[in-house]
Amino acid sequence: MSNFTVKLPKNLYRAAQVRELERIAIEDKGISGFKLMQTAAAVVFSAIRDRWPQTRHLIVFVGAGNNGGDGYALAALAKGAGIGVEVIQLKDSDQLKGDARLAFELASNKQTSFHSFSESSEIDEAGHAHTIVVDALLGTGIDRDVTGDYQLAIERINAMHCPVVAVDIPSGLSADTGKCFGRAVEADLTVTFVGMKQGLLTGEGRDFAGEITFASLEVSEEIYTSDSAPTPFTHRIDINDVSRDLFPRRLSSHKGNHGHVVIIGGEVGLGGAALLAAEAAQRAGAGLVSVITRSSHRPAFLARQPELMVWGTEDENSDPGVLLEKATTIAIGPGLGTNKWSRHLFQHALSVQKARGTPLIVDADGLNLLAERIATGASLKRSNWILTPHPGEAATLLNCSTEEIQSDRFSAVSRLANLLGGVCLLKGSGSLICDGEDSSRRFLSTEGNAGMATAGMGDVLTGIVASLVGQGLDLSAALSCGVSIHGEAADLAMEFGGEKGMTASDLFPFIRQLVNQPLS
């Protein structure tokens with residue numbers, strides 16, 4: 001887990017909800033809007049000095065709204081502290097109103113240098129030592145592609161060769177979805193206020209925000225918990241949240257007490273996916289793990305992991321239904337393929353799951369086979385399964401484009417849960433979980449890193465989640481716990497050897513470590 005994410009709030013909000021929190025603070029609690037603006041500026045200034053203590057010069061890009069007002073207030077504060085400041089204005093100062101106007105006047109009284117954007121091309125950050133660029137252009141109100149001078153200003157900021165600090169949110173990024181509206185500032189540090197914006201932590205948000213710090217701006221806790229306060233849209237989870245679900249084994253326990261996981265997959269040439277899922281299930285604590293796969297895979301599977309029970313589909317008198325009826329949980333999809341063999345096994349899994357109520361985890365090609373059935377008009381909404389698509393698989397299930405999924409990941413995971421029931425995961429940067437029983441229950445994981453962009457990672461997650469379900473966790477807890485363990489294991493693997501070159505099996509020793517060390 002990134003060092004900064006552990007300090008971020010767990011409650012995540014949409015932009016309109018944060019504005020409502022600010023309204024409550026201003027109107028109901030008598031906090032001055034200008035006071036909030038000055039406090040925000042002080043927090044940003046402190047963050048800059050903490051991160052870059054040698055700072056001697058600021059170039060502050062400001063818009064006409066309150067985000068620009070924060071920039072003007074920051075300029076006044078820095079100027080008063082003896083730091084050189086140049087403010088680049090995207091709008092004439094006579095267009096400023098309210099608190100932003102007051103902040104401009106404060107900066108003017110400090111003899112701050114102002115430049116219109118059209119006249120600022122000669123300002124060169126290289127002409128000053130230890131320069132920081134500040135983005136106070138657009139804030140959270142944007143809902144369309146950036147154009148005109150704002151687009152040019154963002155492109156100019158991104159071309160500068162010095163650190164960039166975004167005030168509240170990188171301009172051009174959606175606070176609600178993490179979508180980039182055509183152009184967005186690529187910040188090294190984002191200092192965000194009052195309510196944690198969910199878009200900073202998923203999708204493209206993590207590419208543009210850089211390190212994130214949060215400040216409540218002295219807004220009291222009672223404002224967040226008052227009857228009139230908005231309910232957080234999403235809840236952030238990390239490894240520290242899962243300790244309640246990880247208990248030591250009873251001394252008298254035996255393998256039958258810890259679940260029998262059955263993994264179905266591994267078409268010819270794809271056996272490694274099922275093997276990774278099976279080993280992950282073992283490392284996460286399952287008492288028994290069986291694999292239904294092509295018989296030709298048995299020698300390789302047992303050479304790698306002799307503790308597995310391998311059921312070959314070409315074996316004499318092979319009937320997968322016999323084994324499936326013994327399962328505590330079933331996972332289908334890793335390396336399954338989408339041919340006749342695959343469809344036969346998929347139907348077996350669905351039939352047993354329906355008849356016996358056995359929890360089912362569907363991933364990879366299992367999701368593609370599920371999408372085939374949905375396309376025929378079949379109704380397949382079930383309560384006792386977990387679906388774990390990546391954006392491409394989610395797009396197939398919802399009959400839309402991957403771009404549509406990624407443009408609003410929160411909406412996409414809710415649509416999946418409403419359509420298919422159970423508990424759904426939308427994988428990717430800032431993975432999202434939604435419970436089909438209550439689609440207002442959304443969770444966002446901040447674990448994981450770009451080293452996970454390699455084959456087999458999803459299969460390992462499937463095995464972890466199946467293991468946790470088999471050990472008795474309910475579906476929602478198992479998925480939240482599994483996603484956190486999976487991401488944290490990858491972060492530990494990254495610390496050990498870096499992102500590039502990480503393989504899915506590199507996670508195994510860390511998975512075992514994490515399930516044996518419940519956090520307090």
# chains A, B, ... in the order shown; residues from 1 in each chain; ligands from 1
>>> residues_around(residues="range 176-193 of chain A", least_positions_apart="4", cutoff="8 Å", atoms="only C-alpha atoms", output="VMD selection string")
chain A and resid 13 to 15 40 43 to 44 47 135 143 to 146 151 154 to 155 157 to 158 163 to 172 197 to 217 406 to 410
>>> closest_atom_pairs(of="range 201-301 of chain A", to="range 24-38 of chain A", cutoff="12 Å", atoms="only C-alpha atoms", output="CSV")
residue,atom,partner,partner_atom,distance
A:Ala215,CA,A:Leu36,CA,11.0
A:Ser216,CA,A:Leu36,CA,9.6
A:Leu217,CA,A:Leu36,CA,6.4
A:Glu218,CA,A:Leu36,CA,8.3
A:Val219,CA,A:Ala25,CA,6.7
A:Ser220,CA,A:Ala25,CA,8.4
A:Glu221,CA,A:Ala25,CA,10.6
A:Glu222,CA,A:Ala25,CA,9.9
A:Ile223,CA,A:Ala25,CA,6.8
A:Tyr224,CA,A:Ile24,CA,9.2
A:Thr225,CA,A:Ile24,CA,11.3
A:Ser226,CA,A:Ile24,CA,9.4
A:Asp227,CA,A:Ile24,CA,10.9
A:Ser228,CA,A:Ile24,CA,8.0
A:Ala229,CA,A:Ile24,CA,7.6
A:Pro230,CA,A:Ile24,CA,10.1
>>> write_last_selection(atoms="N, CA and C atoms", output="PDB file, in the first residue's frame")
ATOM      1  N   ALA A 215      -6.973  17.383   3.847  1.00  0.00           N
ATOM      2  CA  ALA A 215      -7.179  18.240   5.016  1.00  0.00           C
ATOM      3  C   ALA A 215      -8.661  18.576   5.125  1.00  0.00           C
ATOM      4  N   SER A 216      -9.197  18.468   6.316  1.00  0.00           N
ATOM      5  CA  SER A 216     -10.615  18.791   6.538  1.00  0.00           C
ATOM      6  C   SER A 216     -10.857  20.295   6.607  1.00  0.00           C
ATOM      7  N   LEU A 217      -9.800  21.091   6.668  1.00  0.00           N
ATOM      8  CA  LEU A 217      -9.881  22.554   6.803  1.00  0.00           C
ATOM      9  C   LEU A 217     -10.599  22.955   8.090  1.00  0.00           C
ATOM     10  N   GLU A 218     -10.346  22.178   9.123  1.00  0.00           N
ATOM     11  CA  GLU A 218     -10.911  22.466  10.452  1.00  0.00           C
ATOM     12  C   GLU A 218     -12.430  22.341  10.487  1.00  0.00           C
ATOM     13  N   VAL A 219     -12.998  21.670   9.472  1.00  0.00           N
ATOM     14  CA  VAL A 219     -14.431  21.355   9.512  1.00  0.00           C
ATOM     15  C   VAL A 219     -14.626  20.282  10.576  1.00  0.00           C
ATOM     16  N   SER A 220     -15.519  20.519  11.521  1.00  0.00           N
ATOM     17  CA  SER A 220     -15.668  19.624  12.658  1.00  0.00           C
ATOM     18  C   SER A 220     -16.317  18.304  12.261  1.00  0.00           C
ATOM     19  N   GLU A 221     -16.051  17.280  13.046  1.00  0.00           N
ATOM     20  CA  GLU A 221     -16.580  15.947  12.769  1.00  0.00           C
ATOM     21  C   GLU A 221     -18.103  15.937  12.778  1.00  0.00           C
ATOM     22  N   GLU A 222     -18.723  16.783  13.582  1.00  0.00           N
ATOM     23  CA  GLU A 222     -20.178  16.773  13.676  1.00  0.00           C
ATOM     24  C   GLU A 222     -20.839  17.171  12.362  1.00  0.00           C
ATOM     25  N   ILE A 223     -20.130  17.922  11.529  1.00  0.00           N
ATOM     26  CA  ILE A 223     -20.684  18.292  10.225  1.00  0.00           C
ATOM     27  C   ILE A 223     -20.814  17.053   9.340  1.00  0.00           C
ATOM     28  N   TYR A 224     -19.823  16.170   9.398  1.00  0.00           N
ATOM     29  CA  TYR A 224     -19.844  14.956   8.575  1.00  0.00           C
ATOM     30  C   TYR A 224     -20.905  13.970   9.056  1.00  0.00           C
ATOM     31  N   THR A 225     -21.222  14.008  10.353  1.00  0.00           N
ATOM     32  CA  THR A 225     -22.142  13.031  10.929  1.00  0.00           C
ATOM     33  C   THR A 225     -23.532  13.582  11.205  1.00  0.00           C
ATOM     34  N   SER A 226     -23.763  14.841  10.893  1.00  0.00           N
ATOM     35  CA  SER A 226     -25.067  15.446  11.156  1.00  0.00           C
ATOM     36  C   SER A 226     -26.134  14.820  10.261  1.00  0.00           C
ATOM     37  N   ASP A 227     -27.385  14.967  10.658  1.00  0.00           N
ATOM     38  CA  ASP A 227     -28.498  14.397   9.895  1.00  0.00           C
ATOM     39  C   ASP A 227     -28.577  14.970   8.486  1.00  0.00           C
ATOM     40  N   SER A 228     -28.149  16.202   8.318  1.00  0.00           N
ATOM     41  CA  SER A 228     -28.238  16.834   7.000  1.00  0.00           C
ATOM     42  C   SER A 228     -27.031  16.538   6.114  1.00  0.00           C
ATOM     43  N   ALA A 229     -26.014  15.874   6.666  1.00  0.00           N
ATOM     44  CA  ALA A 229     -24.805  15.600   5.897  1.00  0.00           C
ATOM     45  C   ALA A 229     -25.060  14.509   4.857  1.00  0.00           C
ATOM     46  N   PRO A 230     -24.453  14.616   3.669  1.00  0.00           N
ATOM     47  CA  PRO A 230     -24.621  13.566   2.662  1.00  0.00           C
ATOM     48  C   PRO A 230     -23.953  12.267   3.097  1.00  0.00           C
TER      49      PRO A 230
END
>>> atom_distance(atom1="CA of Gly68 in chain A", atom2="CA of Asn3 in chain A")
29.2 Å
>>> atom_distance(atom1="CA of Ile332 in chain A", atom2="CA of Gly472 in chain A")
18.7 Å
>>> residues_around(residues="Ala395 in chain A", least_positions_apart="6", cutoff="8 Å", atoms="only C-alpha atoms", output="list of chain:residue names")
A:Ser401, A:Thr402, A:Glu404, A:Ile405
>>> residues_around(residues="range 300-317 of chain A", least_positions_apart="6", cutoff="6 Å", atoms="only C-alpha atoms", output="compact mmCIF listing (two decimals) with N, CA, C and O atoms, in the first residue's frame")
# COMPACT_ATOMS: atom_id res chain seq x y z
N VAL A 289 -8.01 -28.40 -1.74
CA VAL A 289 -8.16 -27.75 -3.04
C VAL A 289 -8.11 -28.82 -4.12
O VAL A 289 -7.14 -29.59 -4.21
N SER A 290 -9.16 -28.85 -4.93
CA SER A 290 -9.22 -29.76 -6.08
C SER A 290 -9.30 -28.93 -7.36
O SER A 290 -9.79 -27.80 -7.35
N VAL A 291 -8.83 -29.54 -8.45
CA VAL A 291 -8.88 -28.88 -9.75
C VAL A 291 -9.53 -29.81 -10.75
O VAL A 291 -9.15 -30.99 -10.85
N ILE A 292 -10.52 -29.30 -11.46
CA ILE A 292 -11.11 -30.02 -12.60
C ILE A 292 -10.50 -29.41 -13.85
O ILE A 292 -10.71 -28.23 -14.15
N THR A 293 -9.75 -30.22 -14.59
CA THR A 293 -9.00 -29.70 -15.74
C THR A 293 -8.77 -30.83 -16.74
O THR A 293 -9.22 -31.96 -16.54
N ARG A 294 -8.07 -30.54 -17.79
CA ARG A 294 -7.69 -31.56 -18.76
C ARG A 294 -6.75 -32.58 -18.09
O ARG A 294 -5.84 -32.20 -17.35
>>> residues_around(residues="Leu397 in chain A", least_positions_apart="3", cutoff="9 Å", atoms="only C-alpha atoms", output="list in words")
Leu367, Asn368, Leu370, Ala371, Glu372, Ile374, Ala375, Pro389, Gly392, Glu393, Ala394, Cys400 and Leu416 of chain A
>>> write_last_selection(atoms="all heavy atoms", output="JSON list (two decimals), in the first residue's frame")
[["chain", "number", "residue", "atom", "x", "y", "z"],
["A", 367, "LEU", "N", -16.69, -15.58, -17.24],
["A", 367, "LEU", "CA", -17.46, -14.36, -17.47],
["A", 367, "LEU", "C", -17.85, -14.23, -18.94],
["A", 367, "LEU", "O", -18.95, -13.75, -19.26],
["A", 367, "LEU", "CB", -16.66, -13.14, -17.03],
["A", 367, "LEU", "CG", -16.36, -13.07, -15.53],
["A", 367, "LEU", "CD1", -15.29, -12.03, -15.24],
["A", 367, "LEU", "CD2", -17.63, -12.76, -14.73],
["A", 368, "ASN", "N", -16.96, -14.65, -19.84],
["A", 368, "ASN", "CA", -17.29, -14.59, -21.26],
["A", 368, "ASN", "C", -18.42, -15.56, -21.60],
["A", 368, "ASN", "O", -19.30, -15.24, -22.42],
["A", 368, "ASN", "CB", -16.04, -14.91, -22.09],
["A", 368, "ASN", "CG", -14.99, -13.83, -21.97],
["A", 368, "ASN", "OD1", -15.30, -12.65, -21.89],
["A", 368, "ASN", "ND2", -13.72, -14.23, -21.95],
["A", 370, "LEU", "N", -20.70, -16.48, -19.46],
["A", 370, "LEU", "CA", -21.87, -15.86, -18.85],
["A", 370, "LEU", "C", -22.44, -14.79, -19.78],
["A", 370, "LEU", "O", -23.66, -14.68, -19.96],
["A", 370, "LEU", "CB", -21.49, -15.25, -17.51],
["A", 370, "LEU", "CG", -22.58, -14.56, -16.69],
["A", 370, "LEU", "CD1", -23.70, -15.55, -16.36],
["A", 370, "LEU", "CD2", -22.00, -13.97, -15.41],
["A", 371, "ALA", "N", -21.56, -14.00, -20.40],
["A", 371, "ALA", "CA", -22.01, -12.96, -21.33],
["A", 371, "ALA", "C", -22.72, -13.56, -22.53],
["A", 371, "ALA", "O", -23.69, -12.98, -23.04],
["A", 371, "ALA", "CB", -20.81, -12.12, -21.78],
["A", 372, "GLU", "N", -22.27, -14.74, -22.98],
["A", 372, "GLU", "CA", -22.94, -15.41, -24.10],
["A", 372, "GLU", "C", -24.39, -15.70, -23.75],
["A", 372, "GLU", "O", -25.30, -15.52, -24.56],
["A", 372, "GLU", "CB", -22.23, -16.73, -24.43],
["A", 372, "GLU", "CG", -20.92, -16.58, -25.17],
["A", 372, "GLU", "CD", -20.33, -17.93, -25.55],
["A", 372, "GLU", "OE1", -20.98, -18.97, -25.24],
["A", 372, "GLU", "OE2", -19.24, -17.96, -26.13],
["A", 374, "ILE", "N", -26.22, -14.20, -21.42],
["A", 374, "ILE", "CA", -26.97, -12.95, -21.29],
["A", 374, "ILE", "C", -27.41, -12.45, -22.66],
["A", 374, "ILE", "O", -28.53, -11.95, -22.83],
["A", 374, "ILE", "CB", -26.11, -11.90, -20.57],
["A", 374, "ILE", "CG1", -25.84, -12.32, -19.12],
["A", 374, "ILE", "CG2", -26.77, -10.53, -20.61],
["A", 374, "ILE", "CD1", -24.84, -11.44, -18.41],
["A", 375, "ALA", "N", -26.53, -12.62, -23.66],
["A", 375, "ALA", "CA", -26.84, -12.15, -25.01],
["A", 375, "ALA", "C", -28.02, -12.87, -25.63],
["A", 375, "ALA", "O", -28.70, -12.34, -26.51],
["A", 375, "ALA", "CB", -25.61, -12.31, -25.91],
["A", 389, "PRO", "N", -14.90, -9.24, -13.04],
["A", 389, "PRO", "CA", -14.42, -8.84, -14.37],
["A", 389, "PRO", "C", -13.40, -7.71, -14.34],
["A", 389, "PRO", "O", -13.41, -6.85, -13.46],
["A", 389, "PRO", "CB", -15.69, -8.36, -15.06],
["A", 389, "PRO", "CG", -16.53, -7.83, -13.93],
["A", 389, "PRO", "CD", -16.26, -8.77, -12.78],
["A", 392, "GLY", "N", -12.62, -4.91, -19.72],
["A", 392, "GLY", "CA", -13.03, -5.51, -20.98],
["A", 392, "GLY", "C", -14.13, -6.54, -20.79],
["A", 392, "GLY", "O", -15.11, -6.59, -21.56],
["A", 393, "GLU", "N", -14.01, -7.36, -19.77],
["A", 393, "GLU", "CA", -15.03, -8.36, -19.48],
["A", 393, "GLU", "C", -16.33, -7.70, -19.00],
["A", 393, "GLU", "O", -17.42, -8.15, -19.35],
["A", 393, "GLU", "CB", -14.51, -9.34, -18.43],
["A", 393, "GLU", "CG", -13.37, -10.21, -18.96],
["A", 393, "GLU", "CD", -12.53, -10.84, -17.86],
["A", 393, "GLU", "OE1", -12.63, -10.39, -16.70],
["A", 393, "GLU", "OE2", -11.75, -11.75, -18.18],
["A", 394, "ALA", "N", -16.19, -6.64, -18.23],
["A", 394, "ALA", "CA", -17.38, -5.90, -17.78],
["A", 394, "ALA", "C", -18.12, -5.31, -18.98],
["A", 394, "ALA", "O", -19.36, -5.32, -19.02],
["A", 394, "ALA", "CB", -16.98, -4.80, -16.81],
["A", 400, "CYS", "N", -21.43, -2.96, -23.81],
["A", 400, "CYS", "CA", -21.00, -1.59, -24.09],
["A", 400, "CYS", "C", -19.50, -1.62, -24.37],
["A", 400, "CYS", "O", -18.89, -2.69, -24.43],
["A", 400, "CYS", "CB", -21.33, -0.65, -22.93],
["A", 400, "CYS", "SG", -20.48, -1.05, -21.39],
["A", 416, "LEU", "N", -23.45, -3.72, -12.98],
["A", 416, "LEU", "CA", -23.17, -5.15, -12.94],
["A", 416, "LEU", "C", -23.91, -5.83, -11.78],
["A", 416, "LEU", "O", -24.53, -6.88, -11.95],
["A", 416, "LEU", "CB", -21.67, -5.39, -12.78],
["A", 416, "LEU", "CG", -20.80, -5.19, -14.02],
["A", 416, "LEU", "CD1", -19.33, -5.20, -13.63],
["A", 416, "LEU", "CD2", -21.07, -6.29, -15.05]]
>>> residues_around(residues="range 346-355 of chain A", least_positions_apart="5", cutoff="8 Å", atoms="only C-alpha atoms", output="JSON, numbers by chain")
{"A": [320, 321, 324, 325, 330, 332, 360, 366, 369]}
>>> write_last_selection(atoms="all heavy atoms", output="PDB file, in the first residue's frame")
ATOM      1  N   PRO A 320     -17.587 -34.677 -13.388  1.00  0.00           N
ATOM      2  CA  PRO A 320     -17.258 -33.538 -12.516  1.00  0.00           C
ATOM      3  C   PRO A 320     -18.324 -33.240 -11.478  1.00  0.00           C
ATOM      4  O   PRO A 320     -18.040 -32.679 -10.418  1.00  0.00           O
ATOM      5  CB  PRO A 320     -17.097 -32.376 -13.494  1.00  0.00           C
ATOM      6  CG  PRO A 320     -17.830 -32.793 -14.725  1.00  0.00           C
ATOM      7  CD  PRO A 320     -17.692 -34.282 -14.802  1.00  0.00           C
ATOM      8  N   GLY A 321     -19.567 -33.639 -11.755  1.00  0.00           N
ATOM      9  CA  GLY A 321     -20.631 -33.356 -10.807  1.00  0.00           C
ATOM     10  C   GLY A 321     -20.414 -34.009  -9.458  1.00  0.00           C
ATOM     11  O   GLY A 321     -20.801 -33.468  -8.416  1.00  0.00           O
ATOM     12  N   LEU A 324     -18.021 -31.733  -7.615  1.00  0.00           N
ATOM     13  CA  LEU A 324     -18.627 -30.432  -7.340  1.00  0.00           C
ATOM     14  C   LEU A 324     -19.606 -30.499  -6.172  1.00  0.00           C
ATOM     15  O   LEU A 324     -19.759 -29.537  -5.422  1.00  0.00           O
ATOM     16  CB  LEU A 324     -19.336 -29.908  -8.590  1.00  0.00           C
ATOM     17  CG  LEU A 324     -18.424 -29.482  -9.749  1.00  0.00           C
ATOM     18  CD1 LEU A 324     -19.250 -29.106 -10.973  1.00  0.00           C
ATOM     19  CD2 LEU A 324     -17.533 -28.328  -9.331  1.00  0.00           C
ATOM     20  N   GLU A 325     -20.256 -31.632  -5.998  1.00  0.00           N
ATOM     21  CA  GLU A 325     -21.192 -31.765  -4.896  1.00  0.00           C
ATOM     22  C   GLU A 325     -20.491 -31.795  -3.542  1.00  0.00           C
ATOM     23  O   GLU A 325     -21.130 -31.598  -2.503  1.00  0.00           O
ATOM     24  CB  GLU A 325     -22.044 -33.020  -5.096  1.00  0.00           C
ATOM     25  CG  GLU A 325     -23.026 -32.883  -6.261  1.00  0.00           C
ATOM     26  CD  GLU A 325     -23.936 -34.075  -6.403  1.00  0.00           C
ATOM     27  OE1 GLU A 325     -23.794 -35.024  -5.601  1.00  0.00           O
ATOM     28  OE2 GLU A 325     -24.786 -34.066  -7.313  1.00  0.00           O
ATOM     29  N   ILE A 330     -16.915 -23.082  -5.300  1.00  0.00           N
ATOM     30  CA  ILE A 330     -16.467 -23.408  -6.652  1.00  0.00           C
ATOM     31  C   ILE A 330     -15.963 -22.126  -7.311  1.00  0.00           C
ATOM     32  O   ILE A 330     -16.590 -21.069  -7.192  1.00  0.00           O
ATOM     33  CB  ILE A 330     -17.622 -23.993  -7.495  1.00  0.00           C
ATOM     34  CG1 ILE A 330     -18.202 -25.242  -6.825  1.00  0.00           C
ATOM     35  CG2 ILE A 330     -17.158 -24.296  -8.918  1.00  0.00           C
ATOM     36  CD1 ILE A 330     -19.549 -25.660  -7.402  1.00  0.00           C
ATOM     37  N   ILE A 332     -14.765 -20.876 -11.183  1.00  0.00           N
ATOM     38  CA  ILE A 332     -14.688 -21.278 -12.569  1.00  0.00           C
ATOM     39  C   ILE A 332     -14.217 -20.120 -13.437  1.00  0.00           C
ATOM     40  O   ILE A 332     -14.599 -18.969 -13.218  1.00  0.00           O
ATOM     41  CB  ILE A 332     -16.044 -21.805 -13.072  1.00  0.00           C
ATOM     42  CG1 ILE A 332     -15.890 -22.397 -14.482  1.00  0.00           C
ATOM     43  CG2 ILE A 332     -17.134 -20.750 -13.018  1.00  0.00           C
ATOM     44  CD1 ILE A 332     -17.071 -23.258 -14.909  1.00  0.00           C
ATOM     45  N   LEU A 360     -20.279 -19.551  -5.727  1.00  0.00           N
ATOM     46  CA  LEU A 360     -19.573 -19.680  -6.999  1.00  0.00           C
ATOM     47  C   LEU A 360     -18.825 -18.389  -7.301  1.00  0.00           C
ATOM     48  O   LEU A 360     -19.396 -17.301  -7.208  1.00  0.00           O
ATOM     49  CB  LEU A 360     -20.577 -19.975  -8.116  1.00  0.00           C
ATOM     50  CG  LEU A 360     -20.041 -20.113  -9.540  1.00  0.00           C
ATOM     51  CD1 LEU A 360     -19.125 -21.327  -9.654  1.00  0.00           C
ATOM     52  CD2 LEU A 360     -21.194 -20.223 -10.536  1.00  0.00           C
ATOM     53  N   GLY A 366     -15.048 -17.744 -17.690  1.00  0.00           N
ATOM     54  CA  GLY A 366     -16.362 -17.967 -17.100  1.00  0.00           C
ATOM     55  C   GLY A 366     -17.267 -16.775 -17.314  1.00  0.00           C
ATOM     56  O   GLY A 366     -18.469 -16.913 -17.554  1.00  0.00           O
ATOM     57  N   LEU A 369     -18.419 -16.744 -20.970  1.00  0.00           N
ATOM     58  CA  LEU A 369     -19.519 -17.682 -21.186  1.00  0.00           C
ATOM     59  C   LEU A 369     -20.815 -17.160 -20.579  1.00  0.00           C
ATOM     60  O   LEU A 369     -21.897 -17.362 -21.130  1.00  0.00           O
ATOM     61  CB  LEU A 369     -19.153 -19.043 -20.588  1.00  0.00           C
ATOM     62  CG  LEU A 369     -17.984 -19.768 -21.268  1.00  0.00           C
ATOM     63  CD1 LEU A 369     -17.689 -21.075 -20.542  1.00  0.00           C
ATOM     64  CD2 LEU A 369     -18.280 -20.026 -22.742  1.00  0.00           C
TER      65      LEU A 369
END
>>> closest_atom_pairs(of="range 350-418 of chain A", to="range 440-451 of chain A", cutoff="12 Å", atoms="only C-alpha atoms", output="CSV")
residue,atom,partner,partner_atom,distance
A:Arg409,CA,A:Leu444,CA,10.5
A:Phe410,CA,A:Arg442,CA,8.1
A:Ser411,CA,A:Arg442,CA,10.3
A:Ala412,CA,A:Arg442,CA,11.5
A:Val413,CA,A:Arg442,CA,8.6
A:Ser414,CA,A:Ser440,CA,7.9
A:Arg415,CA,A:Ser440,CA,11.1
A:Ala417,CA,A:Ser440,CA,10.2
A:Asn418,CA,A:Ser440,CA,10.4
>>> write_last_selection(atoms="all heavy atoms", output="CSV table (one decimal), in the first residue's frame")
chain,number,residue,atom,x,y,z
A,409,ARG,N,-16.5,4.2,-13.7
A,409,ARG,CA,-16.3,2.9,-13.1
A,409,ARG,C,-17.3,2.6,-12.0
A,409,ARG,O,-17.8,1.5,-11.8
A,409,ARG,CB,-14.9,2.7,-12.6
A,409,ARG,CG,-13.9,2.6,-13.7
A,409,ARG,CD,-12.4,2.7,-13.2
A,409,ARG,NE,-12.1,1.8,-12.2
A,409,ARG,CZ,-11.8,0.5,-12.3
A,409,ARG,NH1,-11.8,0.0,-13.5
A,409,ARG,NH2,-11.5,-0.2,-11.3
A,410,PHE,N,-17.7,3.7,-11.2
A,410,PHE,CA,-18.7,3.5,-10.2
A,410,PHE,C,-20.0,3.1,-10.7
A,410,PHE,O,-20.7,2.2,-10.2
A,410,PHE,CB,-18.8,4.8,-9.4
A,410,PHE,CG,-17.5,5.2,-8.7
A,410,PHE,CD1,-16.6,6.1,-9.3
A,410,PHE,CD2,-17.2,4.7,-7.4
A,410,PHE,CE1,-15.4,6.4,-8.7
A,410,PHE,CE2,-16.0,5.1,-6.8
A,410,PHE,CZ,-15.1,5.9,-7.4
A,411,SER,N,-20.5,3.8,-11.8
A,411,SER,CA,-21.7,3.4,-12.4
A,411,SER,C,-21.7,2.0,-13.0
A,411,SER,O,-22.6,1.2,-12.8
A,411,SER,CB,-22.1,4.4,-13.5
A,411,SER,OG,-23.2,4.0,-14.3
A,412,ALA,N,-20.5,1.6,-13.6
A,412,ALA,CA,-20.4,0.3,-14.2
A,412,ALA,C,-20.5,-0.8,-13.2
A,412,ALA,O,-21.2,-1.8,-13.4
A,412,ALA,CB,-19.1,0.2,-14.9
A,413,VAL,N,-19.8,-0.7,-12.0
A,413,VAL,CA,-19.9,-1.8,-11.1
A,413,VAL,C,-21.3,-1.9,-10.4
A,413,VAL,O,-21.8,-3.0,-10.1
A,413,VAL,CB,-18.8,-1.6,-10.0
A,413,VAL,CG1,-19.1,-0.5,-9.0
A,413,VAL,CG2,-18.5,-2.9,-9.3
A,414,SER,N,-22.0,-0.7,-10.3
A,414,SER,CA,-23.4,-0.8,-9.8
A,414,SER,C,-24.3,-1.4,-10.8
A,414,SER,O,-25.2,-2.2,-10.4
A,414,SER,CB,-23.9,0.6,-9.5
A,414,SER,OG,-23.1,1.2,-8.4
A,415,ARG,N,-24.1,-1.2,-12.1
A,415,ARG,CA,-24.9,-1.8,-13.1
A,415,ARG,C,-24.7,-3.3,-13.2
A,415,ARG,O,-25.7,-4.1,-13.3
A,415,ARG,CB,-24.6,-1.2,-14.5
A,415,ARG,CG,-25.0,0.2,-14.7
A,415,ARG,CD,-24.4,0.9,-15.9
A,415,ARG,NE,-24.7,0.2,-17.1
A,415,ARG,CZ,-24.0,0.3,-18.3
A,415,ARG,NH1,-22.9,1.2,-18.3
A,415,ARG,NH2,-24.3,-0.4,-19.3
A,417,ALA,N,-23.8,-5.2,-10.6
A,417,ALA,CA,-24.5,-5.8,-9.4
A,417,ALA,C,-26.0,-5.8,-9.6
A,417,ALA,O,-26.7,-6.8,-9.2
A,417,ALA,CB,-24.1,-5.0,-8.2
A,418,ASN,N,-26.6,-4.8,-10.2
A,418,ASN,CA,-28.0,-4.7,-10.4
A,418,ASN,C,-28.5,-5.7,-11.4
A,418,ASN,O,-29.6,-6.3,-11.3
A,418,ASN,CB,-28.5,-3.3,-10.8
A,418,ASN,CG,-28.4,-2.3,-9.7
A,418,ASN,OD1,-28.6,-2.6,-8.5
A,418,ASN,ND2,-28.1,-1.1,-10.0
